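This report concerns only the one structure given below.
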Amino acid sequence: MRLSKITLRHFRNVGFATLGFSGRLQFLAGANGQGKTNLLEAAGFITALRSFRATDNRLLIGHGEHCAAITAEVEHERLGTTHVTVKLRHDGKELWCDQARVTRLADHLGKFPTVVFSAQDLQLVRGAPALRRRWLDLTLAAMDAAYLQALQTYGRALAERNSLLKRGGGVEAELAAFEQILAPAGAELIARREAGLRELGQGLERFYGQLCDEKEPAGLGYEPDFSPASAESLLARLESGRARDLQFRTTLAGPHRDDFHFSVHGTAAKDFASEGQQRSLVLALRLAQAAWFHGKSGVRPVLLADDVLGELDPARRRRFWTAIDRESQVIATGTSGPDAELGAWQVFEVADGMFTEKTAAP
């Protein structure tokens with residue numbers, strides 16, 4: 001997939017901008033806080049209608065404005081030239097694809113894949129389990145409609161059960177009704193997470209080896225909150241845990257408490273890996289994600305690199321660019337110029353939410 005044109009209106013600090021992209025290498029150059037990441041955020045938004053750095057879409061609307069809009073023209077392997085428009089309002093959003101409104105997320109998810117490489121990715125190693133679950137859910141749901149359905153079913157039933165738990169006693173019969181929904185959906189999530197992490201872990205191991213000179217095995221390890229992953233066993237756990245759940249007024253067992261970890265040489269990367277190893281791990285994870293998207297959908301994702309390579313030594317930076325699929329479009333940001341040795345970049349200077357195209361770097 002190639003992003004050939006993007007237009008933003010009232011998106012964060014960008015009042016209005018239209019950028020036409022030619023070739024596969026684009027670079028947004030400018031000081032921090034000028035709007036480079038905002039452009040990447042808008043480009044990534046068309047994948048799952050979510051920001052990679054904000055959980056509240058209202059934050060994406062320019063200050064004092066009632067709405068924002070993103071329009072993207074995409075050259076797609078399966079769909080040909082396609083136009084996607086997202087309109088953001090304080091009370092919701094609208095999605096249009098080739099002038100037809102799309103009302104179901106399942107009809108859109110995964111069609112226009114992007115993969116973001118961000119400095120925030122280090123938190124996938126160091127941060128809370130909720131960050132890793134969110135990444136895993138977005139990644140798997142993008143390519144697996146059954147996963148998305150199970151996730152939505154589980155989320156709705158979990159919210160209802162927790163609401164009942166907050167009410168206190170006398171709700172056992174109602175709890176049982178939602179447990180009958182939770183258990184099979186939860187078992188489905190656990191099974192699909194296990195399979196997905198196994199495939200992504202194989203990719204991570206391969207790309208980590210390309211990024212690092214050391215012959216050190218790396219991997220992903222799934223940590224389900226509950227096993228074995230069967231609907232019957234999860235249902236029994238929910239039933240037996242009602243008294244404790246009522247005491248704490250929340251559901252204490254299930255895939256909403258899952259986690260996964262990164263490892264290097266068989267040890268937990270969060271506790272024992274160096275900063276350089278941790279950075280290489282998250283880069284390898286994103287490269288594995290891009291390859292997994294391509295393998296599942298037949299569509300090459302657009303790679304959005306948000307000033308993530310400045311912390312790497314020159315050798316690892318070169319190995320990163322070598323590991324990238326040579327047919328993939330890369331839109332990168334930085335405060336200094338791009339790596340000219342990679343080829344001809346289309347360069348835009350960014351200042352105060354405005355984008356000015358410059359002569360491509362040699």
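Chain identifiers are assigned as A, B, and so on, following the order in which chains appear in the structure tokens; residues are numbered from 1 within each chain, and ligands are numbered from 1 in order of appearance.
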
Please identify every residue of range 108-213 of chain A that has at least one atom no farther than 12 Å from an atom of range 333-347 of chain A, counting only C-alpha atoms, and for each give the shortest atom pair and the distance in Å to one decimal, arranged by chain then increasing number, as a Markdown table.
```
| residue | atom | partner | partner_atom | distance |
| --- | --- | --- | --- | --- |
| A:Val116 | CA | A:Thr333 | CA | 11.4 |
| A:Phe117 | CA | A:Thr333 | CA | 10.4 |
| A:Ser118 | CA | A:Thr333 | CA | 10.2 |
| A:Ala119 | CA | A:Thr333 | CA | 11.7 |
```

Go through range 63-201 of chain A and collect every residue that DSSP, computed from the backbone, puts in helix (DSSP H, G or I); the answer should be as a ChimeraX atom specification. /A:105-107,119-126,129-143,145-167,172-201

Just to be explicit: take each residue in the selection above, keep C-alpha atoms, and write the result as a compact mmCIF listing (two decimals), in the first residue's frame.
```
# COMPACT_ATOMS: atom_id res chain seq x y z
CA LEU A 105 -15.47 -1.08 12.33
CA ALA A 106 -15.17 -4.71 11.25
CA ASP A 107 -15.75 -3.67 7.62
CA ALA A 119 9.91 6.32 21.01
CA GLN A 120 6.89 5.45 23.17
CA ASP A 121 7.32 1.83 22.09
CA LEU A 122 9.89 1.34 24.84
CA GLN A 123 6.95 1.28 27.23
CA LEU A 124 5.88 -1.99 25.62
CA VAL A 125 8.90 -3.49 27.37
CA ARG A 126 8.97 -1.33 30.50
CA PRO A 129 0.41 -4.80 31.13
CA ALA A 130 -2.50 -2.67 29.85
CA LEU A 131 -0.19 -1.08 27.24
CA ARG A 132 0.88 -4.47 25.93
CA ARG A 133 -2.71 -5.78 25.88
CA ARG A 134 -3.84 -2.72 23.92
CA TRP A 135 -1.08 -3.24 21.34
CA LEU A 136 -1.86 -6.95 21.08
CA ASP A 137 -5.61 -6.37 20.72
CA LEU A 138 -5.15 -3.75 17.99
CA THR A 139 -2.64 -5.92 16.12
CA LEU A 140 -4.62 -9.16 16.18
CA ALA A 141 -8.01 -7.53 15.59
CA ALA A 142 -6.66 -5.79 12.48
CA MET A 143 -6.18 -9.12 10.71
CA ALA A 145 -12.34 -10.70 12.34
CA ALA A 146 -13.08 -13.55 14.76
CA TYR A 147 -10.68 -12.03 17.28
CA LEU A 148 -12.38 -8.64 16.98
CA GLN A 149 -15.80 -10.21 17.50
CA ALA A 150 -14.63 -12.14 20.57
CA LEU A 151 -12.94 -9.03 21.96
CA GLN A 152 -16.07 -6.91 21.55
CA THR A 153 -18.31 -9.62 23.02
CA TYR A 154 -16.00 -10.13 25.98
CA GLY A 155 -15.65 -6.40 26.60
CA ARG A 156 -19.39 -5.79 26.68
CA ALA A 157 -20.09 -8.75 28.97
CA LEU A 158 -17.21 -7.80 31.28
CA ALA A 159 -18.50 -4.25 31.63
CA GLU A 160 -21.98 -5.54 32.50
CA ARG A 161 -20.66 -8.05 35.04
CA ASN A 162 -18.49 -5.40 36.70
CA SER A 163 -21.47 -3.07 36.86
CA LEU A 164 -23.43 -5.77 38.69
CA LEU A 165 -20.53 -6.42 41.06
CA LYS A 166 -20.48 -2.76 42.04
CA ARG A 167 -24.15 -3.04 43.04
CA GLU A 172 -25.90 -14.00 41.47
CA ALA A 173 -28.47 -14.97 38.83
CA GLU A 174 -27.61 -11.95 36.70
CA LEU A 175 -23.88 -12.63 37.12
CA ALA A 176 -24.42 -16.16 35.86
CA ALA A 177 -26.06 -14.87 32.68
CA PHE A 178 -23.05 -12.73 31.78
CA GLU A 179 -20.62 -15.48 32.75
CA GLN A 180 -22.21 -17.68 30.09
CA ILE A 181 -21.14 -15.03 27.55
CA LEU A 182 -17.77 -14.21 29.10
CA ALA A 183 -16.43 -17.75 29.28
CA PRO A 184 -16.53 -18.78 25.59
CA ALA A 185 -15.45 -15.33 24.39
CA GLY A 186 -12.59 -15.32 26.90
CA ALA A 187 -11.43 -18.79 25.90
CA GLU A 188 -11.44 -17.67 22.24
CA LEU A 189 -9.29 -14.65 23.07
CA ILE A 190 -6.76 -16.72 25.00
CA ALA A 191 -6.39 -19.28 22.20
CA ARG A 192 -6.01 -16.64 19.49
CA ARG A 193 -3.58 -14.58 21.56
CA GLU A 194 -1.42 -17.64 22.12
CA ALA A 195 -1.33 -18.40 18.38
CA GLY A 196 -0.78 -14.77 17.37
CA LEU A 197 2.06 -14.19 19.84
CA ARG A 198 3.72 -17.40 18.70
CA GLU A 199 3.78 -16.15 15.09
CA LEU A 200 4.81 -12.61 16.04
CA GLY A 201 7.50 -14.00 18.34
```

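Among the candidate residues A:Glu327, A:Met354, A:Gln210, A:Gly241, the one lying nearest to Thr7 in chain A is A:Met354, with distances computed using only C-alpha atoms.
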
Who sits within 10 Å of Leu287 in chain A, only C-alpha atoms, same chain under 3 positions skipped, as a list in words: Val115, Val116, Phe117, Leu200, Gly203, Leu204, Arg206, Phe207, Tyr208, Leu281, Val282, Leu283, Ala284, Ala290, Ala291, Trp292, Phe293, Leu303, Phe320, Ala323, Ile324 and Asp325 of chain A

Create the file for the chosen residues now, containing N, CA and C atoms and written as a PDB file, in the first residue's frame.
```pdb
ATOM      1  N   VAL A 115       2.121   0.761  10.281  1.00  0.00           N
ATOM      2  CA  VAL A 115       2.851   0.357  11.485  1.00  0.00           C
ATOM      3  C   VAL A 115       3.678   1.549  11.942  1.00  0.00           C
ATOM      4  N   VAL A 116       3.498   1.934  13.198  1.00  0.00           N
ATOM      5  CA  VAL A 116       4.170   3.099  13.756  1.00  0.00           C
ATOM      6  C   VAL A 116       5.370   2.663  14.586  1.00  0.00           C
ATOM      7  N   PHE A 117       6.518   3.267  14.303  1.00  0.00           N
ATOM      8  CA  PHE A 117       7.718   3.101  15.119  1.00  0.00           C
ATOM      9  C   PHE A 117       7.868   4.385  15.935  1.00  0.00           C
ATOM     10  N   LEU A 200       4.100 -13.878  15.920  1.00  0.00           N
ATOM     11  CA  LEU A 200       4.814 -12.613  16.042  1.00  0.00           C
ATOM     12  C   LEU A 200       6.166 -12.806  16.717  1.00  0.00           C
ATOM     13  N   GLY A 203       8.745 -13.869  14.233  1.00  0.00           N
ATOM     14  CA  GLY A 203       9.222 -12.727  13.462  1.00  0.00           C
ATOM     15  C   GLY A 203      10.150 -11.848  14.273  1.00  0.00           C
ATOM     16  N   LEU A 204       9.803 -11.608  15.541  1.00  0.00           N
ATOM     17  CA  LEU A 204      10.660 -10.792  16.394  1.00  0.00           C
ATOM     18  C   LEU A 204      12.045 -11.416  16.531  1.00  0.00           C
ATOM     19  N   ARG A 206      13.594 -13.302  14.454  1.00  0.00           N
ATOM     20  CA  ARG A 206      14.330 -13.158  13.185  1.00  0.00           C
ATOM     21  C   ARG A 206      14.851 -11.730  13.011  1.00  0.00           C
ATOM     22  N   PHE A 207      14.000 -10.750  13.242  1.00  0.00           N
ATOM     23  CA  PHE A 207      14.415  -9.362  13.034  1.00  0.00           C
ATOM     24  C   PHE A 207      15.399  -8.900  14.106  1.00  0.00           C
ATOM     25  N   TYR A 208      15.248  -9.382  15.327  1.00  0.00           N
ATOM     26  CA  TYR A 208      16.197  -9.010  16.369  1.00  0.00           C
ATOM     27  C   TYR A 208      17.597  -9.497  15.993  1.00  0.00           C
ATOM     28  N   LEU A 281      14.604  -4.595  20.661  1.00  0.00           N
ATOM     29  CA  LEU A 281      13.444  -5.472  20.798  1.00  0.00           C
ATOM     30  C   LEU A 281      12.178  -4.818  20.245  1.00  0.00           C
ATOM     31  N   VAL A 282      11.935  -3.549  20.586  1.00  0.00           N
ATOM     32  CA  VAL A 282      10.687  -2.931  20.120  1.00  0.00           C
ATOM     33  C   VAL A 282      10.752  -2.637  18.623  1.00  0.00           C
ATOM     34  N   LEU A 283      11.939  -2.324  18.099  1.00  0.00           N
ATOM     35  CA  LEU A 283      12.062  -2.183  16.649  1.00  0.00           C
ATOM     36  C   LEU A 283      11.789  -3.515  15.955  1.00  0.00           C
ATOM     37  N   ALA A 284      12.350  -4.597  16.520  1.00  0.00           N
ATOM     38  CA  ALA A 284      12.110  -5.927  15.942  1.00  0.00           C
ATOM     39  C   ALA A 284      10.635  -6.297  16.027  1.00  0.00           C
ATOM     40  N   ALA A 290       4.825  -5.598  10.933  1.00  0.00           N
ATOM     41  CA  ALA A 290       4.659  -5.226   9.529  1.00  0.00           C
ATOM     42  C   ALA A 290       4.680  -6.463   8.631  1.00  0.00           C
ATOM     43  N   ALA A 291       5.629  -7.363   8.892  1.00  0.00           N
ATOM     44  CA  ALA A 291       5.707  -8.580   8.080  1.00  0.00           C
ATOM     45  C   ALA A 291       4.478  -9.455   8.290  1.00  0.00           C
ATOM     46  N   TRP A 292       3.970  -9.502   9.522  1.00  0.00           N
ATOM     47  CA  TRP A 292       2.781 -10.300   9.833  1.00  0.00           C
ATOM     48  C   TRP A 292       1.552  -9.723   9.126  1.00  0.00           C
ATOM     49  N   PHE A 293       1.395  -8.399   9.160  1.00  0.00           N
ATOM     50  CA  PHE A 293       0.297  -7.759   8.431  1.00  0.00           C
ATOM     51  C   PHE A 293       0.358  -8.112   6.945  1.00  0.00           C
ATOM     52  N   LEU A 303       4.990   2.317   6.661  1.00  0.00           N
ATOM     53  CA  LEU A 303       5.787   2.369   7.876  1.00  0.00           C
ATOM     54  C   LEU A 303       5.979   3.824   8.292  1.00  0.00           C
ATOM     55  N   PHE A 320      18.806  -1.581  10.763  1.00  0.00           N
ATOM     56  CA  PHE A 320      17.360  -1.358  10.762  1.00  0.00           C
ATOM     57  C   PHE A 320      16.864  -1.100   9.344  1.00  0.00           C
ATOM     58  N   ALA A 323      16.781  -4.165   7.256  1.00  0.00           N
ATOM     59  CA  ALA A 323      15.745  -5.133   7.613  1.00  0.00           C
ATOM     60  C   ALA A 323      14.377  -4.773   7.047  1.00  0.00           C
ATOM     61  N   ILE A 324      14.159  -3.502   6.697  1.00  0.00           N
ATOM     62  CA  ILE A 324      12.852  -3.071   6.203  1.00  0.00           C
ATOM     63  C   ILE A 324      12.592  -3.615   4.801  1.00  0.00           C
ATOM     64  N   ASP A 325      11.375  -4.012   4.556  1.00  0.00           N
ATOM     65  CA  ASP A 325      10.939  -4.443   3.233  1.00  0.00           C
ATOM     66  C   ASP A 325      11.197  -3.318   2.236  1.00  0.00           C
TER      67      ASP A 325
END
```

Taking 2 positions as the minimum chain separation for residues in the same chain, which residues sit within 12 Å of Val264 in chain A when counting only C-alpha atoms? Answer as a PyMOL selection string. chain A and resi 125+201+204-205+208-209+212+214-221+261-262+266-274+276-278+280-281

Neighbouring residues of Thr85 in chain A were defined as those with any atom within 8 Å, considering only C-alpha atoms; residues of the same chain fewer than 5 positions away were excluded. Please report them as number ranges by chain. A: 69-72, 95-97

Contacts of Arg9 in chain A at 7 Å (only C-alpha atoms; same-chain gap of 3+ positions) as a PyMOL selection string: chain A and resi 14-17+68-70

Selected residues written out with N, CA and C atoms, as a PDB file, in the first residue's frame:
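Output contents, as saved in selection.pdb:
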```pdb
ATOM      1  N   VAL A  14      -2.532  21.527  13.160  1.00  0.00           N
ATOM      2  CA  VAL A  14      -2.537  21.715  11.710  1.00  0.00           C
ATOM      3  C   VAL A  14      -3.898  22.271  11.294  1.00  0.00           C
ATOM      4  N   GLY A  15      -3.926  23.547  10.939  1.00  0.00           N
ATOM      5  CA  GLY A  15      -5.189  24.133  10.501  1.00  0.00           C
ATOM      6  C   GLY A  15      -5.643  23.556   9.176  1.00  0.00           C
ATOM      7  N   PHE A  16      -4.736  23.541   8.212  1.00  0.00           N
ATOM      8  CA  PHE A  16      -5.016  22.924   6.916  1.00  0.00           C
ATOM      9  C   PHE A  16      -3.686  22.591   6.257  1.00  0.00           C
ATOM     10  N   ALA A  17      -3.598  21.388   5.707  1.00  0.00           N
ATOM     11  CA  ALA A  17      -2.397  20.974   4.977  1.00  0.00           C
ATOM     12  C   ALA A  17      -2.747  19.871   4.001  1.00  0.00           C
ATOM     13  N   ALA A  68     -12.676  17.945  13.079  1.00  0.00           N
ATOM     14  CA  ALA A  68     -11.430  17.786  12.339  1.00  0.00           C
ATOM     15  C   ALA A  68     -11.665  16.752  11.246  1.00  0.00           C
ATOM     16  N   ALA A  69     -10.791  16.737  10.242  1.00  0.00           N
ATOM     17  CA  ALA A  69     -10.958  15.788   9.137  1.00  0.00           C
ATOM     18  C   ALA A  69      -9.601  15.340   8.613  1.00  0.00           C
ATOM     19  N   ILE A  70      -9.564  14.073   8.210  1.00  0.00           N
ATOM     20  CA  ILE A  70      -8.401  13.471   7.552  1.00  0.00           C
ATOM     21  C   ILE A  70      -8.896  12.856   6.257  1.00  0.00           C
TER      22      ILE A  70
END
```

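For the residues A:Phe27, A:Phe112, A:Phe348, A:Phe45, ranking by smallest atom-to-atom distance to Leu3 in chain A using only C-alpha atoms places A:Phe112 first.
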
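Among A:Gly169, A:Ile6, A:Glu41, A:Arg316, the residue with the shortest atom-to-atom distance to Arg244 in chain A, counting only C-alpha atoms, is A:Gly169.
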
Among range 84-320 of chain A, which ones does DSSP assign to strand (DSSP E) (computed from the backbone)? Answer as an mmCIF file with C-alpha atoms, in the first residue's frame.
```cif
data_model
loop_
_atom_site.group_PDB
_atom_site.id
_atom_site.type_symbol
_atom_site.label_atom_id
_atom_site.label_comp_id
_atom_site.auth_asym_id
_atom_site.auth_seq_id
_atom_site.Cartn_x
_atom_site.Cartn_y
_atom_site.Cartn_z
ATOM 1 C CA VAL A 84 -10.621 7.404 2.807
ATOM 2 C CA THR A 85 -12.110 10.265 4.822
ATOM 3 C CA VAL A 86 -12.434 10.436 8.594
ATOM 4 C CA LYS A 87 -14.429 13.205 10.249
ATOM 5 C CA LEU A 88 -13.901 13.742 13.965
ATOM 6 C CA ARG A 89 -16.380 15.534 16.193
ATOM 7 C CA GLY A 92 -18.043 10.821 17.667
ATOM 8 C CA LYS A 93 -16.582 10.179 14.251
ATOM 9 C CA GLU A 94 -17.601 9.332 10.684
ATOM 10 C CA LEU A 95 -15.766 7.132 8.192
ATOM 11 C CA TRP A 96 -16.178 7.317 4.416
ATOM 12 C CA CYS A 97 -14.504 5.094 1.826
ATOM 13 C CA ALA A 100 -19.685 5.412 0.842
ATOM 14 C CA ARG A 101 -20.148 5.688 4.577
ATOM 15 C CA VAL A 102 -18.729 2.816 6.640
ATOM 16 C CA THR A 114 0.177 1.123 8.908
ATOM 17 C CA VAL A 115 2.851 0.357 11.485
ATOM 18 C CA VAL A 116 4.170 3.099 13.756
ATOM 19 C CA PHE A 117 7.718 3.101 15.119
ATOM 20 C CA SER A 118 7.673 5.470 18.081
ATOM 21 C CA ALA A 218 15.047 -13.060 21.767
ATOM 22 C CA GLY A 219 11.366 -13.860 22.028
ATOM 23 C CA LEU A 220 7.887 -13.138 23.304
ATOM 24 C CA GLY A 221 6.269 -15.071 26.130
ATOM 25 C CA TYR A 222 2.518 -15.168 26.684
ATOM 26 C CA GLU A 223 1.332 -14.835 30.287
ATOM 27 C CA ASP A 259 0.183 -9.997 29.784
ATOM 28 C CA PHE A 260 3.160 -10.957 27.646
ATOM 29 C CA HIS A 261 6.871 -10.341 28.096
ATOM 30 C CA PHE A 262 10.007 -9.861 26.032
ATOM 31 C CA SER A 263 13.048 -12.002 26.672
ATOM 32 C CA VAL A 264 16.727 -11.958 25.684
ATOM 33 C CA THR A 267 15.722 -13.693 30.801
ATOM 34 C CA ALA A 268 13.088 -10.988 31.198
ATOM 35 C CA VAL A 302 2.971 1.988 5.337
ATOM 36 C CA LEU A 303 5.787 2.369 7.876
ATOM 37 C CA LEU A 304 5.626 5.502 10.049
ATOM 38 C CA ALA A 305 8.931 6.140 11.836
ATOM 39 C CA ASP A 306 8.624 8.895 14.433
#
```

Hey, which of A:Ser328, A:Asn13, A:Ala351, A:Pro224 ends up closest to Asp258 in chain A? Count only C-alpha atoms. A:Pro224

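By chain and then residue number, the residues within 8 Å of Gly254 in chain A are Gly186, Asp225, Phe226 and Leu234 of chain A, counting only C-alpha atoms and disregarding those fewer than 6 positions away in sequence.
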
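Minimum atom-to-atom distance to Arg300 in chain A, evaluated using only C-alpha atoms, belongs to A:Val74 out of A:Leu238, A:Val74, A:Ala128, A:Leu60.
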
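Counting only C-alpha atoms and comparing A:Asp245, A:Arg53, A:Glu73, A:Glu275, the residue that lies closest to Gly20 in chain A is A:Glu73.
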